[in-house]
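**Student:** Have a look at this one.
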Amino acid sequence: MLHVLNGDSLASSFPTSIPGEIAVAKECLVDGPVDADSIEELYVIRDKYLSTTYPTASDENYYTKVVPEFKKILTASHETKVYLWFEHDLFCQVNLWFVMHLLEKHTGSVYLISPTTDLIEGFGGMNQLQLEQAFRDAKLLTANEKHILSHMWELYERPDIPEALTLSKQVRPELPFLLPAVQAWKDSIPHGDYPGKPKEALKEISAQLGTDDFGKIFRAFHIKYAIYGYGDLQVKRLWEELKKEE
């Protein structure tokens, strides 16, 4: 078994009672450029973007921290049962789509595990027994579902929001979490004088709270716009860009 976990937070609380190897998706592909002709080119693009945008966020090299985890996924044998632990917010979904793209040629079983809590809490709001139960309740993905989730990465990379919306509506009964994530992606795109939903939301929250205190603004954003799943680094970047634009 190979368990693919989205981020170090779940990895730190993952039940030792659940057997199998672990690979951690240590990326935030929702943030920054992703258009590349090969996975090697994608690594170069992402390394440059993250090290430039968040120079103090990591003391580890992209090629020693992030890439080896993706290689575990790419090199999983066809006998390996892969369990994907991903939440339903846009941040997690984009990472899921990429992981499914890496598993495109994997002919073995792939299972999807979703949190039983709400968008705000996610896996972080679940105890060991609940995580164990979620593992037992894992959803075996059909060949078509695997293809769709992999194809979502290609649509994100292009980007092709209209096609992503059409596809996510078609598979709403089987993959109901796709449409809200794609809609959030669509709403985040700036157009004209509109800065996109996340930045607009930050302006509204700041005005409503009557403060520029980032801690308070981030907490309110995290609760009200949990569909984005942005961490404090992403929101801080958006907030600082807003302040520069004023």
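Letters for chains follow the order of the structure tokens (A, B, ...), residue numbers begin at 1 for each chain, and ligand numbers begin at 1 in the order shown.
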Check segment 16-229 of chain A with DSSP on the backbone and list each residue it calls strand (DSSP E or B), as a PDB file with N, CA and C atoms, in the first residue's frame.

**Tutor:**
```pdb
ATOM      1  N   GLU A  21       3.309   2.304   2.972  1.00  0.00           N
ATOM      2  CA  GLU A  21       4.278   3.396   2.815  1.00  0.00           C
ATOM      3  C   GLU A  21       3.531   4.723   2.706  1.00  0.00           C
ATOM      4  N   ILE A  22       4.271   5.813   2.912  1.00  0.00           N
ATOM      5  CA  ILE A  22       3.656   7.150   2.848  1.00  0.00           C
ATOM      6  C   ILE A  22       4.438   8.034   1.889  1.00  0.00           C
ATOM      7  N   ALA A  23       3.714   8.764   1.041  1.00  0.00           N
ATOM      8  CA  ALA A  23       4.284   9.827   0.215  1.00  0.00           C
ATOM      9  C   ALA A  23       3.493  11.089   0.532  1.00  0.00           C
ATOM     10  N   VAL A  24       4.180  12.183   0.725  1.00  0.00           N
ATOM     11  CA  VAL A  24       3.516  13.434   1.095  1.00  0.00           C
ATOM     12  C   VAL A  24       3.615  14.432  -0.057  1.00  0.00           C
ATOM     13  N   VAL A  82      -2.995   2.185  -4.037  1.00  0.00           N
ATOM     14  CA  VAL A  82      -2.705   3.583  -3.708  1.00  0.00           C
ATOM     15  C   VAL A  82      -3.921   4.220  -3.045  1.00  0.00           C
ATOM     16  N   TYR A  83      -3.697   4.808  -1.891  1.00  0.00           N
ATOM     17  CA  TYR A  83      -4.766   5.492  -1.153  1.00  0.00           C
ATOM     18  C   TYR A  83      -4.475   6.994  -1.137  1.00  0.00           C
ATOM     19  N   LEU A  84      -5.397   7.770  -1.661  1.00  0.00           N
ATOM     20  CA  LEU A  84      -5.217   9.217  -1.777  1.00  0.00           C
ATOM     21  C   LEU A  84      -6.023   9.929  -0.693  1.00  0.00           C
ATOM     22  N   TRP A  85      -5.326  10.617   0.197  1.00  0.00           N
ATOM     23  CA  TRP A  85      -5.959  11.332   1.303  1.00  0.00           C
ATOM     24  C   TRP A  85      -5.996  12.820   0.957  1.00  0.00           C
ATOM     25  N   VAL A 110      -6.735   2.287  -7.098  1.00  0.00           N
ATOM     26  CA  VAL A 110      -6.540   3.613  -6.502  1.00  0.00           C
ATOM     27  C   VAL A 110      -7.800   3.958  -5.711  1.00  0.00           C
ATOM     28  N   TYR A 111      -7.604   4.316  -4.460  1.00  0.00           N
ATOM     29  CA  TYR A 111      -8.715   4.642  -3.565  1.00  0.00           C
ATOM     30  C   TYR A 111      -8.635   6.105  -3.165  1.00  0.00           C
ATOM     31  N   LEU A 112      -9.799   6.715  -2.994  1.00  0.00           N
ATOM     32  CA  LEU A 112      -9.865   8.108  -2.537  1.00  0.00           C
ATOM     33  C   LEU A 112     -10.463   8.134  -1.135  1.00  0.00           C
ATOM     34  N   ILE A 113      -9.782   8.848  -0.241  1.00  0.00           N
ATOM     35  CA  ILE A 113     -10.257   8.990   1.125  1.00  0.00           C
ATOM     36  C   ILE A 113     -10.542  10.460   1.395  1.00  0.00           C
ATOM     37  N   LYS A 139     -12.990   4.999  -0.993  1.00  0.00           N
ATOM     38  CA  LYS A 139     -13.749   4.820  -2.238  1.00  0.00           C
ATOM     39  C   LYS A 139     -12.819   4.318  -3.342  1.00  0.00           C
ATOM     40  N   LEU A 140     -13.119   3.135  -3.864  1.00  0.00           N
ATOM     41  CA  LEU A 140     -12.343   2.613  -4.993  1.00  0.00           C
ATOM     42  C   LEU A 140     -12.735   3.384  -6.253  1.00  0.00           C
ATOM     43  N   HIS A 191     -10.414  39.699 -13.686  1.00  0.00           N
ATOM     44  CA  HIS A 191     -10.845  40.153 -15.022  1.00  0.00           C
ATOM     45  C   HIS A 191     -11.266  41.615 -14.926  1.00  0.00           C
ATOM     46  N   TYR A 194     -11.760  43.711 -11.669  1.00  0.00           N
ATOM     47  CA  TYR A 194     -12.063  42.764 -10.593  1.00  0.00           C
ATOM     48  C   TYR A 194     -10.814  41.944 -10.283  1.00  0.00           C
TER      49      TYR A 194
END
```

**Student:** Using only C-alpha atoms, which residues sit within 9 Å of segment 230-236 of chain A once same-chain residues fewer than 6 positions away are excluded, as number ranges by chain?

**Tutor:** A: 28, 30-31, 54, 57, 89-91, 198-199, 202, 214-215, 218, 221-222

**Student:** Could the residues in this selection be written to a file with N, CA and C atoms, as a PDB file, in the first residue's frame?

**Tutor:**
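For reference, out11.pdb as written:
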```
ATOM      1  N   CYS A  28       2.016  23.353  -3.413  1.00  0.00           N
ATOM      2  CA  CYS A  28       0.819  24.212  -3.410  1.00  0.00           C
ATOM      3  C   CYS A  28       0.599  24.649  -4.851  1.00  0.00           C
ATOM      4  N   VAL A  30      -1.807  25.185  -6.582  1.00  0.00           N
ATOM      5  CA  VAL A  30      -2.839  26.193  -6.819  1.00  0.00           C
ATOM      6  C   VAL A  30      -2.223  27.591  -6.887  1.00  0.00           C
ATOM      7  N   ASP A  31      -0.996  27.723  -6.420  1.00  0.00           N
ATOM      8  CA  ASP A  31      -0.324  29.013  -6.296  1.00  0.00           C
ATOM      9  C   ASP A  31       0.856  29.088  -7.260  1.00  0.00           C
ATOM     10  N   TYR A  54       8.558  32.776  -1.929  1.00  0.00           N
ATOM     11  CA  TYR A  54       8.581  32.485  -0.488  1.00  0.00           C
ATOM     12  C   TYR A  54       9.999  32.093  -0.050  1.00  0.00           C
ATOM     13  N   ALA A  57      10.335  30.588   3.439  1.00  0.00           N
ATOM     14  CA  ALA A  57       9.350  29.569   3.847  1.00  0.00           C
ATOM     15  C   ALA A  57       9.967  28.191   4.025  1.00  0.00           C
ATOM     16  N   ASP A  89     -11.182  21.220  -0.734  1.00  0.00           N
ATOM     17  CA  ASP A  89     -10.920  22.611  -1.103  1.00  0.00           C
ATOM     18  C   ASP A  89     -10.052  22.670  -2.359  1.00  0.00           C
ATOM     19  N   LEU A  90      -9.976  23.855  -2.964  1.00  0.00           N
ATOM     20  CA  LEU A  90      -9.259  24.011  -4.231  1.00  0.00           C
ATOM     21  C   LEU A  90      -7.771  23.685  -4.095  1.00  0.00           C
ATOM     22  N   PHE A  91      -7.141  24.113  -3.011  1.00  0.00           N
ATOM     23  CA  PHE A  91      -5.728  23.837  -2.769  1.00  0.00           C
ATOM     24  C   PHE A  91      -5.459  22.335  -2.856  1.00  0.00           C
ATOM     25  N   PRO A 198     -10.667  35.844  -4.113  1.00  0.00           N
ATOM     26  CA  PRO A 198      -9.881  35.885  -2.870  1.00  0.00           C
ATOM     27  C   PRO A 198      -9.474  37.302  -2.462  1.00  0.00           C
ATOM     28  N   LYS A 199      -8.946  38.083  -3.398  1.00  0.00           N
ATOM     29  CA  LYS A 199      -8.537  39.452  -3.067  1.00  0.00           C
ATOM     30  C   LYS A 199      -9.741  40.323  -2.722  1.00  0.00           C
ATOM     31  N   LEU A 202     -10.740  39.542   0.770  1.00  0.00           N
ATOM     32  CA  LEU A 202      -9.840  40.135   1.767  1.00  0.00           C
ATOM     33  C   LEU A 202     -10.164  41.609   1.989  1.00  0.00           C
ATOM     34  N   PHE A 214      -3.444  41.312   9.965  1.00  0.00           N
ATOM     35  CA  PHE A 214      -3.498  40.165   9.065  1.00  0.00           C
ATOM     36  C   PHE A 214      -3.989  38.896   9.766  1.00  0.00           C
ATOM     37  N   GLY A 215      -3.585  38.708  11.017  1.00  0.00           N
ATOM     38  CA  GLY A 215      -4.009  37.509  11.747  1.00  0.00           C
ATOM     39  C   GLY A 215      -5.519  37.392  11.816  1.00  0.00           C
ATOM     40  N   PHE A 218      -6.911  36.826   8.217  1.00  0.00           N
ATOM     41  CA  PHE A 218      -6.688  35.458   7.740  1.00  0.00           C
ATOM     42  C   PHE A 218      -7.666  34.476   8.379  1.00  0.00           C
ATOM     43  N   PHE A 221     -10.999  34.862   6.754  1.00  0.00           N
ATOM     44  CA  PHE A 221     -10.960  34.344   5.382  1.00  0.00           C
ATOM     45  C   PHE A 221     -10.980  32.814   5.396  1.00  0.00           C
ATOM     46  N   HIS A 222     -10.196  32.231   6.278  1.00  0.00           N
ATOM     47  CA  HIS A 222     -10.088  30.768   6.360  1.00  0.00           C
ATOM     48  C   HIS A 222     -11.444  30.128   6.663  1.00  0.00           C
TER      49      HIS A 222
END
```

**Student:** Have a look at atom CA of Asp35 of chain A and atom CA of Asp8 of chain A and let me know their distance in Å, one decimal.

**Tutor:**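 A separation of 25.2 Å between them.
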
**Student:** Name all residues at most 7 Å from segment 162-178 of chain A (count only C-alpha atoms; drop same-chain ones fewer than 6 positions away) and give them as a compact mmCIF listing (two decimals) with all heavy atoms, in the first residue's frame.

**Tutor:**
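Okay, this is what ended up in part.txt:
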```
# COMPACT_ATOMS: atom_id res chain seq x y z
N HIS A 88 -11.43 18.59 0.07
CA HIS A 88 -12.24 19.04 -1.06
C HIS A 88 -12.04 20.49 -1.47
O HIS A 88 -12.64 20.97 -2.41
CB HIS A 88 -13.73 18.80 -0.77
CG HIS A 88 -14.07 17.35 -0.68
ND1 HIS A 88 -15.25 16.89 -0.11
CD2 HIS A 88 -13.38 16.24 -1.06
CE1 HIS A 88 -15.27 15.57 -0.17
NE2 HIS A 88 -14.16 15.15 -0.73
N MET A 152 -8.37 16.53 -15.23
CA MET A 152 -8.58 17.83 -14.58
C MET A 152 -7.25 18.57 -14.45
O MET A 152 -7.21 19.80 -14.53
CB MET A 152 -9.22 17.65 -13.20
CG MET A 152 -10.68 17.22 -13.23
SD MET A 152 -11.80 18.38 -14.07
CE MET A 152 -11.66 19.79 -12.98
N LEU A 155 -6.53 20.22 -17.72
CA LEU A 155 -7.40 21.39 -17.89
C LEU A 155 -6.93 22.55 -17.01
O LEU A 155 -7.02 23.71 -17.41
CB LEU A 155 -8.85 21.03 -17.56
CG LEU A 155 -9.48 19.97 -18.46
CD1 LEU A 155 -10.89 19.65 -17.98
CD2 LEU A 155 -9.52 20.44 -19.91
```

**Student:** Have a look at atom CA of Ser188 of chain A and atom CA of Leu29 of chain A and let me know their distance in Å, one decimal.

**Tutor:**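 One can read the atom CA of Ser188 of chain A to atom CA of Leu29 of chain A distance as 14.3 Å.
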
**Student:** Can you list, as a PyMOL selection string, every protein, DNA or RNA residue that comes within 10 Å of Pro68 of chain A when you count only C-alpha atoms, leaving out same-chain residues fewer than 5 positions away?

**Tutor:** chain A and resi 23-25+62-63+73-74

**Student:** Quick check, in Å to one decimal: how far apart do atom CA of Glu69 of chain A and atom CA of Lys26 of chain A lie?

**Tutor:**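 Separation of atom CA of Glu69 of chain A and atom CA of Lys26 of chain A: 7.8 Å.
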
**Student:** Run DSSP on the backbone of this structure and report the residues of segment 37-83 of chain A it assigns to alpha helix (DSSP H), as a list in words.

**Tutor:**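 Residues of segment 37-83 of chain A classed as alpha helix (DSSP H): Ile39, Glu40, Glu41, Leu42, Tyr43, Val44, Ile45, Arg46, Asp47, Lys48, Tyr49, Leu50, Ser51, Thr52, Thr53, Tyr62, Tyr63, Thr64, Lys65, Val67, Pro68, Glu69, Phe70, Lys71, Lys72, Ile73 and Leu74 of chain A.
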
**Student:** Go ahead and dump the residues you just picked, C-alpha atoms, as a PDB file, in the first residue's frame.

**Tutor:**
```
ATOM      1  CA  ILE A  39       7.432  16.973 -15.385  1.00  0.00           C
ATOM      2  CA  GLU A  40      11.116  17.936 -15.350  1.00  0.00           C
ATOM      3  CA  GLU A  41      10.244  21.381 -16.715  1.00  0.00           C
ATOM      4  CA  LEU A  42       7.441  21.687 -14.151  1.00  0.00           C
ATOM      5  CA  TYR A  43       9.936  21.048 -11.342  1.00  0.00           C
ATOM      6  CA  VAL A  44      12.191  23.817 -12.671  1.00  0.00           C
ATOM      7  CA  ILE A  45       9.274  26.272 -12.950  1.00  0.00           C
ATOM      8  CA  ARG A  46       7.939  25.457  -9.500  1.00  0.00           C
ATOM      9  CA  ASP A  47      11.344  25.564  -7.814  1.00  0.00           C
ATOM     10  CA  LYS A  48      12.031  29.006  -9.284  1.00  0.00           C
ATOM     11  CA  TYR A  49       8.588  30.377  -8.369  1.00  0.00           C
ATOM     12  CA  LEU A  50       8.500  29.082  -4.798  1.00  0.00           C
ATOM     13  CA  SER A  51      12.081  30.005  -3.937  1.00  0.00           C
ATOM     14  CA  THR A  52      11.536  33.509  -5.337  1.00  0.00           C
ATOM     15  CA  THR A  53       8.054  34.100  -3.895  1.00  0.00           C
ATOM     16  CA  TYR A  62      12.750  21.620  -3.843  1.00  0.00           C
ATOM     17  CA  TYR A  63      14.671  18.691  -5.313  1.00  0.00           C
ATOM     18  CA  THR A  64      15.381  17.151  -1.914  1.00  0.00           C
ATOM     19  CA  LYS A  65      12.042  17.921  -0.249  1.00  0.00           C
ATOM     20  CA  VAL A  67      10.487  15.846  -5.888  1.00  0.00           C
ATOM     21  CA  PRO A  68      11.397  12.595  -4.033  1.00  0.00           C
ATOM     22  CA  GLU A  69       7.824  12.363  -2.710  1.00  0.00           C
ATOM     23  CA  PHE A  70       6.416  12.650  -6.239  1.00  0.00           C
ATOM     24  CA  LYS A  71       8.907  10.008  -7.414  1.00  0.00           C
ATOM     25  CA  LYS A  72       7.469   7.573  -4.847  1.00  0.00           C
ATOM     26  CA  ILE A  73       4.115   8.009  -6.591  1.00  0.00           C
ATOM     27  CA  LEU A  74       5.540   7.764 -10.101  1.00  0.00           C
TER      28      LEU A  74
END
```

**Student:** Could you name the residues that touch Ser12 of chain A at 12 Å or less, counting only C-alpha atoms, but leaving out those on the same chain fewer than 2 positions away, as a PyMOL selection string?

**Tutor:** chain A and resi 5-10+14-16+22+24+123-124+128

**Student:** Can you write out the residues you just picked, keeping N, CA, C and O atoms, as an mmCIF file, in the first residue's frame?

**Tutor:**
```cif
data_model
loop_
_atom_site.group_PDB
_atom_site.id
_atom_site.type_symbol
_atom_site.label_atom_id
_atom_site.label_comp_id
_atom_site.auth_asym_id
_atom_site.auth_seq_id
_atom_site.Cartn_x
_atom_site.Cartn_y
_atom_site.Cartn_z
ATOM 1 N N LEU A 5 -0.487 11.547 1.106
ATOM 2 C CA LEU A 5 -1.086 12.518 2.020
ATOM 3 C C LEU A 5 -0.834 13.924 1.506
ATOM 4 O O LEU A 5 0.257 14.231 1.016
ATOM 5 N N ASN A 6 -1.832 14.780 1.622
ATOM 6 C CA ASN A 6 -1.663 16.147 1.149
ATOM 7 C C ASN A 6 -1.136 17.032 2.278
ATOM 8 O O ASN A 6 -1.900 17.595 3.045
ATOM 9 N N GLY A 7 0.177 17.108 2.391
ATOM 10 C CA GLY A 7 0.789 18.007 3.358
ATOM 11 C C GLY A 7 1.307 17.315 4.606
ATOM 12 O O GLY A 7 0.910 16.201 4.955
ATOM 13 N N ASP A 8 2.217 18.011 5.272
ATOM 14 C CA ASP A 8 2.889 17.455 6.445
ATOM 15 C C ASP A 8 1.989 17.366 7.671
ATOM 16 O O ASP A 8 2.261 16.576 8.571
ATOM 17 N N SER A 9 0.930 18.177 7.702
ATOM 18 C CA SER A 9 0.068 18.184 8.876
ATOM 19 C C SER A 9 -0.577 16.817 9.095
ATOM 20 O O SER A 9 -0.532 16.262 10.201
ATOM 21 N N LEU A 10 -1.154 16.259 8.038
ATOM 22 C CA LEU A 10 -1.764 14.929 8.152
ATOM 23 C C LEU A 10 -0.693 13.875 8.407
ATOM 24 O O LEU A 10 -0.910 12.934 9.180
ATOM 25 N N PHE A 14 -0.859 10.915 11.230
ATOM 26 C CA PHE A 14 -1.344 9.719 10.543
ATOM 27 C C PHE A 14 -1.235 8.495 11.459
ATOM 28 O O PHE A 14 -0.179 8.253 12.056
ATOM 29 N N PRO A 15 -2.325 7.730 11.597
ATOM 30 C CA PRO A 15 -2.325 6.585 12.527
ATOM 31 C C PRO A 15 -1.271 5.539 12.175
ATOM 32 O O PRO A 15 -1.197 5.089 11.026
ATOM 33 N N THR A 16 -0.471 5.156 13.150
ATOM 34 C CA THR A 16 0.546 4.122 12.922
ATOM 35 C C THR A 16 -0.097 2.749 12.723
ATOM 36 O O THR A 16 0.555 1.819 12.241
ATOM 37 N N ILE A 22 4.271 5.813 2.912
ATOM 38 C CA ILE A 22 3.656 7.150 2.848
ATOM 39 C C ILE A 22 4.438 8.034 1.889
ATOM 40 O O ILE A 22 5.672 8.042 1.891
ATOM 41 N N VAL A 24 4.180 12.183 0.725
ATOM 42 C CA VAL A 24 3.516 13.434 1.095
ATOM 43 C C VAL A 24 3.615 14.432 -0.057
ATOM 44 O O VAL A 24 4.725 14.732 -0.528
ATOM 45 N N PHE A 123 -9.108 16.908 7.542
ATOM 46 C CA PHE A 123 -8.533 15.784 8.300
ATOM 47 C C PHE A 123 -8.032 16.240 9.661
ATOM 48 O O PHE A 123 -7.954 15.431 10.603
ATOM 49 N N GLY A 124 -7.673 17.517 9.786
ATOM 50 C CA GLY A 124 -7.162 18.033 11.055
ATOM 51 C C GLY A 124 -8.179 17.959 12.178
ATOM 52 O O GLY A 124 -7.813 17.981 13.356
ATOM 53 N N GLN A 128 -7.733 9.738 15.730
ATOM 54 C CA GLN A 128 -7.149 8.519 15.186
ATOM 55 C C GLN A 128 -8.208 7.489 14.772
ATOM 56 O O GLN A 128 -8.111 6.887 13.702
#
```

**Student:** Which residues are near Ser150 of chain A? Cut-off 6 Å, only C-alpha atoms, ignore same chain within fewer than 3 positions. Put them as a list of chain:residue names.

**Tutor:**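 Near neighbours after the sequence-gap exclusion: A:Trp97, A:Met100, A:His101, A:His147, A:Trp153.
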
**Student:** Can you list, as a ChimeraX atom specification, every protein, DNA or RNA residue that comes within 10 Å of segment 118-121 of chain A when you count only C-alpha atoms, leaving out same-chain residues fewer than 3 positions away?

**Tutor:** /A:87-89,115,124-126,222-229

**Student:** Just N, CA and C atoms for this one: save the residues we selected as a CSV table (one decimal), in the first residue's frame.

**Tutor:**
```csv
chain,number,residue,atom,x,y,z
A,87,GLU,N,-8.5,16.5,0.7
A,87,GLU,CA,-9.7,17.2,1.1
A,87,GLU,C,-10.3,17.9,-0.1
A,88,HIS,N,-11.4,18.6,0.1
A,88,HIS,CA,-12.2,19.0,-1.1
A,88,HIS,C,-12.0,20.5,-1.5
A,89,ASP,N,-11.2,21.2,-0.7
A,89,ASP,CA,-10.9,22.6,-1.1
A,89,ASP,C,-10.1,22.7,-2.4
A,115,PRO,N,-12.2,13.5,4.1
A,115,PRO,CA,-12.5,13.7,5.5
A,115,PRO,C,-14.0,13.7,5.8
A,124,GLY,N,-7.7,17.5,9.8
A,124,GLY,CA,-7.2,18.0,11.1
A,124,GLY,C,-8.2,18.0,12.2
A,125,GLY,N,-9.5,17.9,11.8
A,125,GLY,CA,-10.5,17.8,12.8
A,125,GLY,C,-10.9,16.4,13.2
A,126,MET,N,-10.1,15.4,12.7
A,126,MET,CA,-10.5,14.0,12.9
A,126,MET,C,-9.5,13.3,13.9
A,222,HIS,N,-10.2,32.2,6.3
A,222,HIS,CA,-10.1,30.8,6.4
A,222,HIS,C,-11.4,30.1,6.7
A,223,ILE,N,-12.2,30.8,7.5
A,223,ILE,CA,-13.6,30.3,7.8
A,223,ILE,C,-14.6,30.5,6.7
A,224,LYS,N,-14.7,31.7,6.2
A,224,LYS,CA,-15.7,32.1,5.3
A,224,LYS,C,-15.4,31.6,3.9
A,225,TYR,N,-14.1,31.4,3.5
A,225,TYR,CA,-13.8,31.0,2.2
A,225,TYR,C,-12.9,29.7,2.3
A,226,ALA,N,-13.4,28.8,3.1
A,226,ALA,CA,-12.7,27.5,3.3
A,226,ALA,C,-12.5,26.7,2.0
A,227,ILE,N,-13.4,27.0,1.0
A,227,ILE,CA,-13.3,26.3,-0.3
A,227,ILE,C,-12.0,26.5,-1.0
A,228,TYR,N,-11.3,27.6,-0.7
A,228,TYR,CA,-10.0,27.8,-1.3
A,228,TYR,C,-8.9,27.0,-0.6
A,229,GLY,N,-9.0,26.8,0.7
A,229,GLY,CA,-8.0,26.0,1.4
A,229,GLY,C,-6.6,26.7,1.4
```
